[in-house]
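Visitor: Next up is a structure, given as structure tokens.
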Amino acid sequence: MFRYVRQFIVLTLFLFAGTVGAFEFPNPVKVEIAAEETGVESGRPFWVAICFDIDEGWHAYWKNPGMTGFPPSIEWTLPEGFTTGECLWPTPERLEKHEGISYGYHDVLVLLTEIIPPSELSVDQVDLTADLKWLVCSDSTCLPGFESIDLSLPVEAPQMNRDAAHLFAEARKKAPADDKVLAQKKGAALHLDIVHGGSVTHAYFYPEESGVIDDQTPLKLVSEDDSHQIKIELQQSDLASVKGLLVLHNGDDVVKAIDVDYPLQNESEFIAMAQTDPAKMTTRENFAFQGGVVWALVLAFLGGIILNLMPCVLPVISLKIFSFVKMAGENRMMIVKHGLLFTLGVLISFWALAGVLIALRAYGEVVGWGFQLQEPLFVAILAVIIYVFGLSLFGVFEFGTMFSAWAGQKQSNASKESGGAIAAFLSGVLATAVATPCTGPFLGPALGFALTLPPLSSLAIFTSLALGMSSPYLLISAFPSMIRFLPKPGNWMITFKEVLGFFMVGTALWLFWVFGSQKDLDILFRFFSGLFLLTLACWIWGRWGTPLVKRRVRLIAITATLAIAALGLYRVIDSARSEPPQSELIAMADIEPTGQNIRRWIPFSSERLQRLREEGKPVLVDFTAKWCLICQSNHLVLDSQAVSDKCAELGVVKMLADWTRNDPEITKVLREYGRSGVPLYLLFGPDGEPEVLPQTLTPGDVLEYLNHVEYDKTL
């Protein structure tokens with residue numbers, strides 16, 4: 001009863017506060033507005049922060065205030081064509097008062113709102129106004145607040161607002177995590193299973209709507225290792241869904257908050273993700289991996305074997321086969337040792353990659369397979385390593401000589417064995433590094449499923465993938481007699497080694513192209529200047545750094561090599577860390593898929609896809625990345641004359657979801673269809689769920705799927 005009386009008093013204050021100008025109330029709240037970027041660009045969304053600075057002893061409220069209070073509200077006055085996107089709320093505190101449980105904030109409340117400009121801007125300045133209403137309470141009283149705040153931004157190439165960067169970073173840090181929760185409704189209770197590596201002593205659920213659960217009753221929590229089962233007693237049996245925050249505690253400290261949105265159509269299991277509406281749950285249910293862990297292990301192993309045939313891995317694998325040829329007639333134990341070291345390099349690399357993926361997932365980051373190639377610094381370093389490998393194959397310098405020099409020996413058997421062992425291990429590491437852009441047959445569903453599992457199960461799938469990739473070399477090393485089927489060593493090996501050098505340089509050129517697509521021409525030139533210096537350093541080393549020249553000359557060469565290589569590496573790293581200026585986009589974001597434009601690819605956005613589907617238009621979505629070679633091959637198929645003509649005939653809109661650099665929106669959609677990376681091809685007909693095309697495309701396959709769309713369209 002007290003709750004309703006207090007809310008009536010608060011509502012009365014809101015109604016009359018604007019007219020009671022004769023009374024001066026204390027002002028426990030100061031509000032500010034800030035933009036994350038310094039300018040506005042047509043069609044490019046940006047974020048704005050509303051900061052409520054709350055005096056000590058007062059608190060504001062969450063979107064569900066609980067037993068008492070009202071949440072802050074923001075009414076935006078925007079220029080014509082502008083719209084608002086989602087509003088990001090930080091995780092609230094649980095406020096236990098004598099009148100009941102409320103949810104709110106002390107000290108500071110920062111609300112982030114996404115502002116979406118129109119595709120064309122004809123003004124020089126954008127003026128935004130936010131009309132704010134809020135309620136803050138102390139232990140003795142509550143006060144409403146009203147204020148309008150303005151923000152003006154020039155229409156120009158946006159740069160990061162350094163003064164507000166910390167504000168936005170802290171606000172996002174306090175937002176709920178984007179973790180998966182396995183949910184199941186049993187009777188009048190909702191059971192949640194989560195995986196969290198940290199210690200959890202108790203948990204609370206903050207519902208977005210009042211009356212869903214009994215706030216006074218603590219949740220039933222059962223913990224086992226890094227898995228936790230939580231039981232939520234529901235107060236209503238006819239709820240359409242349960243939305244809210246699952247907040248995990250370790251003592252008095254909050255260790256994580258997870259945003260949960262779970263539809264209650266039936267009692268079967270669903271995977272509930274942050275801010276997922278019930279309509280999308282059906283899509284995820286249909287496209288989630290259905291084979292179980294054992295089948296995922298089998299597919300990962302087969303996918304690992306097939307990775308050896310992918311164009312991004314083939315150059316490194318050819319080097320390994322070449323090393324087996326050179327070892328023909330050597331001691332059997334040495335061959336076995338090399339095979340095991342190569343496998344160890346692959347295993348450790350995949351374990352490290354899996355560990356990073358699992359850790360990022362635990363901290364709420366949305367990442368997928370090949371995520372490291374979305375980072376320009378990784379692409380630059382990998383390109384340099386492969387390019388330098390190519391130089392060594394051309395004879396500019398020799399890795400074996402380097403190992404010998406480090407050991408202070410001259411071509412002794414021990415140094416050869418040591419250098420060869422290190423090379424075997426590093427070739428496994430390098431093979432893994434260049435394999436990550438590829439998924440190939442069998443691998444996509446298995447990896448997507450792996451990223452939804454507990455850490456140990458996920459690690460087992462990555463281990464199966466690594467063993468599959470290294471199994472051919474383990475087989476050859478275990479049965480050296482198989483080497484006799486390979487050509488015998490001879491002079492042909494010199495030519496073959498140089499041919500492999502061209503393969504390595506070709507792979508490096510592909511990585512240069514990926515790097516260039518992530519940067520601009522000026523930065524790419526700086527990168528190539530660093531590469532030129534590294535080439536010069538390798539040449540000096542190969543010409544004068546070997547143990548065969550005089551010691552004095554060798555010392556000068558080593559000094560020059562290290563100095564020039566350090567300068568070149570600095571230029572490479574500096575170029576990778578530099579950000580290109582935000583120039584005006586000439587992309588086709590504004591192109592409407594009509595008339596002649598129907599043959600052109602338009603950039604992907606979930607909003608545009610939804611609008612096209614509502615209009616009944618068929619849509620073909622290509623989820624791709626420039627570092628994915630199989631994606632580029634498939635894109636040639638999708639751009640072939642026959643496929644383009646068929647798409648134009650049927651009015652199929654072609655959308656390109658470019659994942660070359662990290663895009664959370666694309667990552668989220670990939671996860672919805674059970675994938676951890678590209679490629680993925682979705683063909684949406686006029687009605688119903690999309691068809692998922694194969695990962696390796698042929699014109700005939702695509703035309704067959706398009707004909708199916710044509711059949712549906714005539715119904």
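To be explicit about the labels: the chains of the structure tokens are called A, B, and onward in the order shown, and within each one the residues are counted from 1, while ligands get numbers from 1 in the order they are shown.
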Within 8 Å of Ile573 (chain A), counting only C-alpha atoms, which residues qualify if same-chain residues fewer than 2 places away don't, as a list of chain:residue names?
Guide: A:Leu377, A:Ala380, A:Ile381, A:Leu569, A:Tyr570, A:Arg571, A:Ser575, A:Ala576, A:Arg577
Visitor: Pick from A:Ser152, A:Ser427, A:Ser140, A:Gln610: nearest to Gly57 (chain A), with only C-alpha atoms counted?
Guide: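 With only C-alpha atoms as the atom set, the closest residue is A:Ser140.
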Visitor: Using only C-alpha atoms for the distances, tell me which of A:Ala466, A:Val621, A:Val429, A:Ile540 is nearest to Val553 (chain A).
Guide: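 Residue with the minimum atom-to-atom distance to Val553 (chain A): A:Ile540.
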Visitor: Have a look at A:Thr91, A:Ser227, A:Ser529, A:Asn161 and name the one nearest to Ala49 (chain A); count only C-alpha atoms.
Guide: A:Asn161
Visitor: Considering only C-alpha atoms, return as a list in words whatever protein or nucleic-acid residues lie within 9 Å of Met504 (chain A), sequence-local ones (same chain, fewer than 3 positions apart) excluded.
Guide: Pro315, Val316, Ile386, Tyr387, Val388, Phe389, Gly390, Leu391, Leu393, Val499, Leu500, Gly501, Thr507, Ala508 and Leu509 of chain A
Visitor: Kindly save the residues from that selection, with C-alpha atoms included, as a PDB file, in the first residue's frame.
Guide:
```pdb
ATOM      1  CA  PRO A 315      52.194 -22.677 -49.281  1.00  0.00           C
ATOM      2  CA  VAL A 316      53.189 -23.462 -45.691  1.00  0.00           C
ATOM      3  CA  ILE A 386      55.512 -14.852 -44.852  1.00  0.00           C
ATOM      4  CA  TYR A 387      57.318 -12.355 -47.103  1.00  0.00           C
ATOM      5  CA  VAL A 388      60.606 -12.914 -45.244  1.00  0.00           C
ATOM      6  CA  PHE A 389      60.043 -16.674 -45.561  1.00  0.00           C
ATOM      7  CA  GLY A 390      59.729 -16.158 -49.308  1.00  0.00           C
ATOM      8  CA  LEU A 391      63.014 -14.224 -49.411  1.00  0.00           C
ATOM      9  CA  LEU A 393      63.434 -19.553 -50.227  1.00  0.00           C
ATOM     10  CA  VAL A 499      58.749 -21.935 -56.839  1.00  0.00           C
ATOM     11  CA  LEU A 500      57.539 -22.239 -53.242  1.00  0.00           C
ATOM     12  CA  GLY A 501      59.082 -18.816 -52.686  1.00  0.00           C
ATOM     13  CA  THR A 507      50.377 -15.191 -50.063  1.00  0.00           C
ATOM     14  CA  ALA A 508      52.107 -12.078 -48.721  1.00  0.00           C
ATOM     15  CA  LEU A 509      50.623 -10.018 -51.594  1.00  0.00           C
TER      16      LEU A 509
END
```
Visitor: In terms of the shortest atom-to-atom distance over only C-alpha atoms, which of A:Trp513, A:Trp539, A:Tyr105, A:Tyr705 is closest to Ser138 (chain A)?
Guide: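 Looking at the shortest contact to Ser138 (chain A), the residue is A:Tyr105.
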Visitor: Give me, please, the distance in Å between CA of Val255 (chain A) and CA of Leu182 (chain A), quoted to one decimal.
Guide: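 Between CA of Val255 (chain A) and CA of Leu182 (chain A) the gap works out to 19.0 Å.
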Visitor: Tell me which of A:Thr495, A:Thr77, A:Ser633, A:Ser199 sits closest to Asp127 (chain A), counting only C-alpha atoms.
Guide: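 Among the listed residues, A:Thr77 lies closest to Asp127 (chain A).
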Visitor: CA of Glu689 (chain A) to CA of Ser676 (chain A): how many Å, to one decimal?
Guide: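 So the two atoms, CA of Glu689 (chain A) and CA of Ser676 (chain A), lie 19.9 Å apart.
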Visitor: In Å to one decimal, how far is CA of Val396 (chain A) from CA of Pro547 (chain A)?
Guide: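 Pair CA of Pro547 (chain A) / CA of Val396 (chain A) returns 15.3 Å.
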Visitor: Could you give me, as a list in words, the residues within 9 Å of Ala175 (chain A), counting only C-alpha atoms and dropping anything in the same chain fewer than 3 positions from it?
Guide: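 Skipping anything fewer than 3 positions along the chain leaves Leu88, Trp89, Pro90, Thr91, Glu170, Ala171, Arg172, Ala257 and Ile258 of chain A.
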